[in-house]
Amino acid sequence: MPKFYITTPIYYVTDKPHLGNAYPTIVADVLARWHRLRGDDVYFLVGTDEHGEKVETAAKAAGKAPKEFVDSIVGVYRDVWSKLSISYDVFVRTSSPAHEAVVAQVIDKMARSGDIYVGNYEGWYCLPDESFWTDLQLINGKCPICGREVKKLKEETYFFRLSRYQDRLLKFYDDRPAFLSPKLRSKEIINRVKDGLRDVSITRTTVKWAVPFPMDKKHYVYVWVDALCNYISALGWPDGDKFGEFWPADVHLVGKEINWFHSVIWPAMLFSAGIEPPKMVFAHGWWTADGKKMSKSLGNFVDITGLADKYSVDAVRYTLLREMPLGDDGDFSEKTMITRLNNELVAELGNLVNRALTIAEKFDDKIEGTPELDAKLDIEKIDNAMLELDTFGALNEIFAYIRVANKYVNDKEPWKLHGKELSQVLYNLLESIRIISVLISPFMPDTGKRLSEQLGVEQGKLSDCKFGAFNGKPKRGAYLFRKVQTTE
Ligand code: ME8
């Protein structure tokens with residue numbers, strides 16, 4: 001059985017998750033569900049990044065000890081993921097003793113490779129991004145990722161000899177072109193690596209809410225080195241069965257602002273520790289509000305649970321996947337969401353189901369016929385799109401088929417038909433809807449389930465997505481989606 005190990009970024013637990021954090025989590029969920037539909041052995045990791053100065057500062061502001069603070073927020077993450085139908089297999093927390101032990105062991109391996117040495121760091125630090133910068137990297141004196149103020153740091157630190165891995169990384173990118181995904185981002189990384197790599201600071205002495213550095217009691221592990229290890233600590237590295245089964249990861253899905261950590265620092269750390277690198281880092285784009293990246297620290301974010309309460313979880317999941325190809329940036333607006341809900345979920349999918357089931361439940365004979373619509377559905381194309389993480393292309397293809405089925409209803413006018421002729425049309429419609437219910441289920445799990453219930457069939461797998469005998473007992477249930485009235 002093919003295996004599929006997919007991970008999301010682990011989020012800083014400074015506040016509850018917003019639309020931006022929900023996005024990669026939902027995308028990863030859709031991919032994990034798709035692979036389960038294919039019958040693959042899936043392991044889907046989510047988690048929380050709980051150490052470091054940023055979390056320590058947020059805890060202080062909340063008047064709590066860091067551990068008490070993170071414990072209170074992790075529960076909120078679990079609740080939000082459950083509300084958004086996130087089917088994760090494991091939830092990693094970096095403050096857990098098992099994870100901390102893995103971090104210390106990875107560092108020990110890196111030290112044995114001769115890649116860690118003590119020195120002095122002098123440069124800039126961006127707290128919201130937990131990242132170090134040189135004078136040259138700053139843009140107008142500000143953080144090049146988020147454009148905010150940076151502070152001067154001057155402290156003793158241990159360095160990781162990243163510079164040593166320049167050639168090996170470049171060869172690795174060359175040998176494994178899929179590693180740097182999507183393609184449009186690979187040049188950027190390769191050029192920066194070609195420009196030369198500086199050793200990276202991997203410890204702090206001033207931030208104590210962190211994993212103790214195993215080689216020197218005065219030092220604590222830099223939060224990014226700690227966080228990256230989550231992808232293997234969650235599998236029980238070095239000896240855990242899950243590690244043997246699922247590593248290397250198939251996809252680390254990450255936002256483009258943390259691509260460097262995942263595409264450069266992480267594989268170099270793994271080379272140093274003698275561990276195989278992951279197969280792919282896919283850098284996705286940003287949801288923006290008026291052109292600015294939505295973020296917790298800017299406060300310009302959309303409350304994802306409020307949105308789901310208002311329009312349904314599936315409508316939110318659908319909009320996030322349909323509105324923007326994975327890898328692009330896009331402005332999010334409630335107005336666009338309502339338009340998609342009304343014009344696609346209600347007027348295309350909902351309408352098809354409603355029309356077909358209304359007639360089908362009154363039809364007393366056995367529904368049978370010969371396939372007429374099967375040639376219009378290219379399952380392989382959809383599957384290939386999903387395997388390439390083109391969730392946008394796959395969803396477009398599924399909805400193109402929904403339009404084909406709706407046109408079939410318009411052309412055949414089943415409300416005027418009887419007997420064999422009606423059976424033939426109903427057969428094609430119900431088989432189409434059955435297949436659609438499977439195909440949309442990774443995107444809209446609740447809708448997929450409700451659809452198969454209304455058809456009176458078991459929820460199928462990808463291998464069931466072909467025309468066969470229709471064996472269901474259709475019974476129209478509540479509308480899948482309700483139109484949202486707007487003032488315009
Ligand atoms: O960076 N649009 O955590 P974080 C799309 N702890 N995605 C967005 C987004 C937006 N406006 N805002 C956030 C960290 N994201 C580290 C990660 S991994 C070992 C450690 C998503 O809480 C995006 O995936 O700042 C981004 O990479 C992630 O949230 C950052 O979350």
# chains A, B, ... in the order shown; residues from 1 in each chain; ligands from 1
$ residues_near_ligand --ligand "ligand 1" --cutoff "8 Å" --atoms "only C-alpha atoms and all ligand atoms" --output "MDAnalysis selection string"
chainID A and resid 8:14 17:25 48:50 128:129 224 227:231 253:259 262 284:288 293:296 301 329
$ residues_around --residues "region 89-101 of chain A" --least-positions-apart "2" --cutoff "9 Å" --atoms "only C-alpha atoms" --output "PyMOL selection string"
chain A and resi 10+42-51+67+70+74+78+87+103-106+210-212+226-227+229-234+236
$ closest_atom_pairs --of "region 288-348 of chain A" --to "region 380-396 of chain A" --cutoff "9 Å" --atoms "only C-alpha atoms" --output "tab-separated table"
residue	atom	partner	partner_atom	distance
A:Tyr318	CA	A:Leu395	CA	8.8
A:Leu321	CA	A:Phe392	CA	6.0
A:Arg322	CA	A:Phe392	CA	5.6
A:Glu323	CA	A:Phe392	CA	7.9
A:Met324	CA	A:Phe392	CA	7.0
A:Pro325	CA	A:Phe392	CA	5.1
A:Leu326	CA	A:Asp390	CA	6.8
$ closest_residue --among "A:Val221, A:Met280, A:Leu170, A:Leu451" --to "Trp247 (chain A)" --atoms "only C-alpha atoms"
A:Met280
$ select_by_dssp --residues "region 141-385 of chain A" --states "strand (DSSP E)" --output "short mmCIF file (atom, residue, chain, number, x, y, z; two decimals) with N, CA, C and O atoms, in the first residue's frame"
data_model
loop_
_atom_site.label_atom_id
_atom_site.label_comp_id
_atom_site.auth_asym_id
_atom_site.auth_seq_id
_atom_site.Cartn_x
_atom_site.Cartn_y
_atom_site.Cartn_z
N LYS A 151 15.10 44.03 16.31
CA LYS A 151 15.91 44.53 17.42
C LYS A 151 17.33 44.00 17.30
O LYS A 151 17.56 42.93 16.73
N LYS A 152 18.26 44.77 17.89
CA LYS A 152 19.67 44.40 17.82
C LYS A 152 19.94 43.29 18.83
O LYS A 152 19.48 43.36 19.96
N LEU A 153 20.64 42.26 18.41
CA LEU A 153 21.03 41.20 19.34
C LEU A 153 22.54 41.10 19.35
O LEU A 153 23.18 41.18 18.30
N LYS A 154 23.09 40.92 20.54
CA LYS A 154 24.52 40.66 20.63
C LYS A 154 24.68 39.69 21.78
O LYS A 154 24.48 40.07 22.94
N GLU A 155 24.90 38.43 21.46
CA GLU A 155 25.07 37.47 22.55
C GLU A 155 25.93 36.29 22.11
O GLU A 155 26.09 36.05 20.91
N GLU A 156 26.44 35.59 23.11
CA GLU A 156 27.19 34.37 22.80
C GLU A 156 26.20 33.36 22.24
O GLU A 156 25.05 33.29 22.70
N THR A 157 26.61 32.60 21.27
CA THR A 157 25.70 31.63 20.68
C THR A 157 26.47 30.44 20.14
O THR A 157 27.68 30.53 19.90
N TYR A 158 25.77 29.35 19.93
CA TYR A 158 26.33 28.23 19.18
C TYR A 158 25.81 28.34 17.75
O TYR A 158 24.65 28.69 17.54
N PHE A 159 26.72 28.05 16.82
CA PHE A 159 26.36 28.12 15.41
C PHE A 159 26.28 26.73 14.80
O PHE A 159 27.00 25.82 15.21
N PHE A 160 25.44 26.61 13.80
CA PHE A 160 25.39 25.41 12.96
C PHE A 160 26.09 25.76 11.65
O PHE A 160 25.78 26.77 11.02
N LEU A 180 11.72 21.27 -4.21
CA LEU A 180 11.37 22.69 -4.09
C LEU A 180 10.11 22.95 -4.91
O LEU A 180 10.17 23.14 -6.11
N SER A 181 8.97 22.94 -4.25
CA SER A 181 7.71 23.14 -4.97
C SER A 181 6.98 24.36 -4.40
O SER A 181 7.15 24.66 -3.22
N VAL A 200 24.30 29.42 10.90
CA VAL A 200 23.16 30.00 11.63
C VAL A 200 23.29 29.80 13.13
O VAL A 200 23.75 28.76 13.61
N SER A 201 22.83 30.84 13.82
CA SER A 201 22.80 30.81 15.27
C SER A 201 21.72 29.82 15.70
O SER A 201 20.58 29.90 15.23
N THR A 203 21.38 28.82 19.20
CA THR A 203 21.03 28.90 20.64
C THR A 203 20.87 30.35 21.05
O THR A 203 21.37 31.27 20.40
N ARG A 204 20.14 30.54 22.13
CA ARG A 204 20.01 31.86 22.75
C ARG A 204 20.33 31.68 24.24
O ARG A 204 20.08 30.61 24.80
N TYR A 220 20.02 27.89 25.38
CA TYR A 220 18.73 27.25 25.06
C TYR A 220 18.59 27.20 23.55
O TYR A 220 19.07 28.08 22.84
N VAL A 221 17.90 26.17 23.08
CA VAL A 221 17.83 25.94 21.63
C VAL A 221 16.93 26.99 20.96
O VAL A 221 15.83 27.28 21.45
N VAL A 251 5.12 15.36 1.89
CA VAL A 251 4.94 16.81 1.71
C VAL A 251 5.00 17.54 3.04
O VAL A 251 4.26 17.21 3.97
N HIS A 252 5.88 18.55 3.12
CA HIS A 252 5.76 19.56 4.18
C HIS A 252 5.07 20.75 3.51
O HIS A 252 5.65 21.39 2.62
N LEU A 253 3.85 21.02 3.91
CA LEU A 253 3.14 22.17 3.36
C LEU A 253 3.42 23.36 4.28
O LEU A 253 3.16 23.28 5.48
N VAL A 254 3.97 24.44 3.70
CA VAL A 254 4.35 25.60 4.54
C VAL A 254 4.04 26.90 3.82
O VAL A 254 3.97 26.93 2.58
N GLY A 255 3.89 27.97 4.57
CA GLY A 255 3.73 29.28 3.96
C GLY A 255 5.05 29.73 3.34
O GLY A 255 6.12 29.33 3.79
N VAL A 281 8.96 20.08 -0.16
CA VAL A 281 8.47 21.20 0.63
C VAL A 281 7.63 22.02 -0.35
O VAL A 281 8.13 22.45 -1.39
N PHE A 282 6.36 22.17 -0.05
CA PHE A 282 5.51 22.96 -0.94
C PHE A 282 5.19 24.28 -0.24
O PHE A 282 4.59 24.31 0.83
N ALA A 283 5.63 25.38 -0.87
CA ALA A 283 5.41 26.71 -0.27
C ALA A 283 4.14 27.33 -0.85
O ALA A 283 4.07 27.61 -2.04
N HIS A 284 3.15 27.48 0.01
CA HIS A 284 1.89 28.08 -0.47
C HIS A 284 1.92 29.59 -0.26
O HIS A 284 2.78 30.13 0.45
N TRP A 287 -3.14 34.55 2.12
CA TRP A 287 -4.41 35.29 2.09
C TRP A 287 -4.11 36.68 2.61
O TRP A 287 -3.46 36.84 3.65
N THR A 288 -4.58 37.65 1.87
CA THR A 288 -4.32 39.03 2.26
C THR A 288 -5.64 39.73 2.57
O THR A 288 -6.71 39.26 2.18
N ALA A 289 -5.54 40.83 3.29
CA ALA A 289 -6.70 41.70 3.51
C ALA A 289 -6.25 43.06 3.01
O ALA A 289 -5.24 43.58 3.51
N LYS A 292 -2.54 43.22 2.27
CA LYS A 292 -1.56 42.94 3.34
C LYS A 292 -1.79 41.55 3.89
O LYS A 292 -2.93 41.15 4.11
N LYS A 293 -0.68 40.79 4.12
CA LYS A 293 -0.81 39.43 4.65
C LYS A 293 -1.62 39.45 5.95
O LYS A 293 -1.35 40.25 6.84
N GLY A 330 -3.88 35.81 -2.53
CA GLY A 330 -5.19 36.33 -2.92
C GLY A 330 -5.84 37.07 -1.77
O GLY A 330 -5.62 36.73 -0.60
N ASP A 331 -6.63 38.07 -2.11
CA ASP A 331 -7.38 38.82 -1.10
C ASP A 331 -8.62 38.01 -0.72
O ASP A 331 -9.31 37.50 -1.60
#
$ residues_around --residues "Pro278 (chain A)" --least-positions-apart "5" --cutoff "7 Å" --atoms "only C-alpha atoms" --output "list of chain:residue names"
A:Pro248, A:Ala249, A:Asp250
$ write_last_selection --atoms "N, CA and C atoms" --output "mmCIF file, in the first residue's frame"
data_model
loop_
_atom_site.group_PDB
_atom_site.id
_atom_site.type_symbol
_atom_site.label_atom_id
_atom_site.label_comp_id
_atom_site.auth_asym_id
_atom_site.auth_seq_id
_atom_site.Cartn_x
_atom_site.Cartn_y
_atom_site.Cartn_z
ATOM 1 N N PRO A 248 10.835 9.164 4.638
ATOM 2 C CA PRO A 248 10.731 10.625 4.588
ATOM 3 C C PRO A 248 9.318 11.129 4.276
ATOM 4 N N ALA A 249 9.012 12.308 4.811
ATOM 5 C CA ALA A 249 7.704 12.911 4.570
ATOM 6 C C ALA A 249 7.493 13.099 3.072
ATOM 7 N N ASP A 250 6.243 12.929 2.653
ATOM 8 C CA ASP A 250 5.918 13.169 1.240
ATOM 9 C C ASP A 250 5.776 14.660 0.977
#
$ residues_around --residues "Ser85 (chain A)" --least-positions-apart "3" --cutoff "9 Å" --atoms "only C-alpha atoms" --output "PDB file with N, CA, C and O atoms, in the first residue's frame"
ATOM      1  N   ILE A  26      -6.401  23.122   6.253  1.00  0.00           N
ATOM      2  CA  ILE A  26      -7.504  22.594   5.432  1.00  0.00           C
ATOM      3  C   ILE A  26      -6.947  21.970   4.148  1.00  0.00           C
ATOM      4  O   ILE A  26      -7.350  20.875   3.752  1.00  0.00           O
ATOM      5  N   ASP A  29      -5.540  18.736   4.929  1.00  0.00           N
ATOM      6  CA  ASP A  29      -6.619  17.796   5.231  1.00  0.00           C
ATOM      7  C   ASP A  29      -7.236  17.251   3.944  1.00  0.00           C
ATOM      8  O   ASP A  29      -7.514  16.056   3.829  1.00  0.00           O
ATOM      9  N   VAL A  80     -10.756  24.060  17.272  1.00  0.00           N
ATOM     10  CA  VAL A  80     -10.974  24.674  15.954  1.00  0.00           C
ATOM     11  C   VAL A  80     -10.731  23.647  14.861  1.00  0.00           C
ATOM     12  O   VAL A  80     -11.506  23.532  13.911  1.00  0.00           O
ATOM     13  N   TRP A  81      -9.688  22.851  14.993  1.00  0.00           N
ATOM     14  CA  TRP A  81      -9.425  21.833  13.957  1.00  0.00           C
ATOM     15  C   TRP A  81     -10.569  20.821  13.900  1.00  0.00           C
ATOM     16  O   TRP A  81     -10.977  20.394  12.820  1.00  0.00           O
ATOM     17  N   SER A  82     -11.105  20.488  15.041  1.00  0.00           N
ATOM     18  CA  SER A  82     -12.206  19.522  15.023  1.00  0.00           C
ATOM     19  C   SER A  82     -13.436  20.164  14.367  1.00  0.00           C
ATOM     20  O   SER A  82     -14.100  19.545  13.546  1.00  0.00           O
ATOM     21  N   VAL A 313     -19.060  25.035   7.596  1.00  0.00           N
ATOM     22  CA  VAL A 313     -17.648  24.648   7.486  1.00  0.00           C
ATOM     23  C   VAL A 313     -17.312  24.335   6.029  1.00  0.00           C
ATOM     24  O   VAL A 313     -16.298  24.774   5.487  1.00  0.00           O
ATOM     25  N   ASP A 314     -18.198  23.581   5.373  1.00  0.00           N
ATOM     26  CA  ASP A 314     -17.887  23.155   4.008  1.00  0.00           C
ATOM     27  C   ASP A 314     -17.839  24.329   3.035  1.00  0.00           C
ATOM     28  O   ASP A 314     -17.033  24.326   2.103  1.00  0.00           O
ATOM     29  N   MET A 444     -15.231  18.764   0.961  1.00  0.00           N
ATOM     30  CA  MET A 444     -16.382  19.079   1.813  1.00  0.00           C
ATOM     31  C   MET A 444     -16.880  17.776   2.437  1.00  0.00           C
ATOM     32  O   MET A 444     -17.825  17.155   1.939  1.00  0.00           O
ATOM     33  N   PRO A 445     -16.215  17.354   3.524  1.00  0.00           N
ATOM     34  CA  PRO A 445     -16.519  16.035   4.083  1.00  0.00           C
ATOM     35  C   PRO A 445     -17.976  15.875   4.509  1.00  0.00           C
ATOM     36  O   PRO A 445     -18.587  14.836   4.267  1.00  0.00           O
ATOM     37  N   ASP A 446     -18.528  16.918   5.121  1.00  0.00           N
ATOM     38  CA  ASP A 446     -19.896  16.802   5.610  1.00  0.00           C
ATOM     39  C   ASP A 446     -20.871  16.696   4.432  1.00  0.00           C
ATOM     40  O   ASP A 446     -21.799  15.877   4.448  1.00  0.00           O
TER      41      ASP A 446
END
$ closest_residue --among "A:Ile304, A:Ala400, A:Leu462, A:Leu357" --to "Pro414 (chain A)" --atoms "only C-alpha atoms"
A:Leu357
$ residues_around --residues "region 434-436 of chain A" --least-positions-apart "6" --cutoff "8 Å" --atoms "only C-alpha atoms" --output "MDAnalysis selection string"
chainID A and resid 398 402 451:452 455 457 464:466
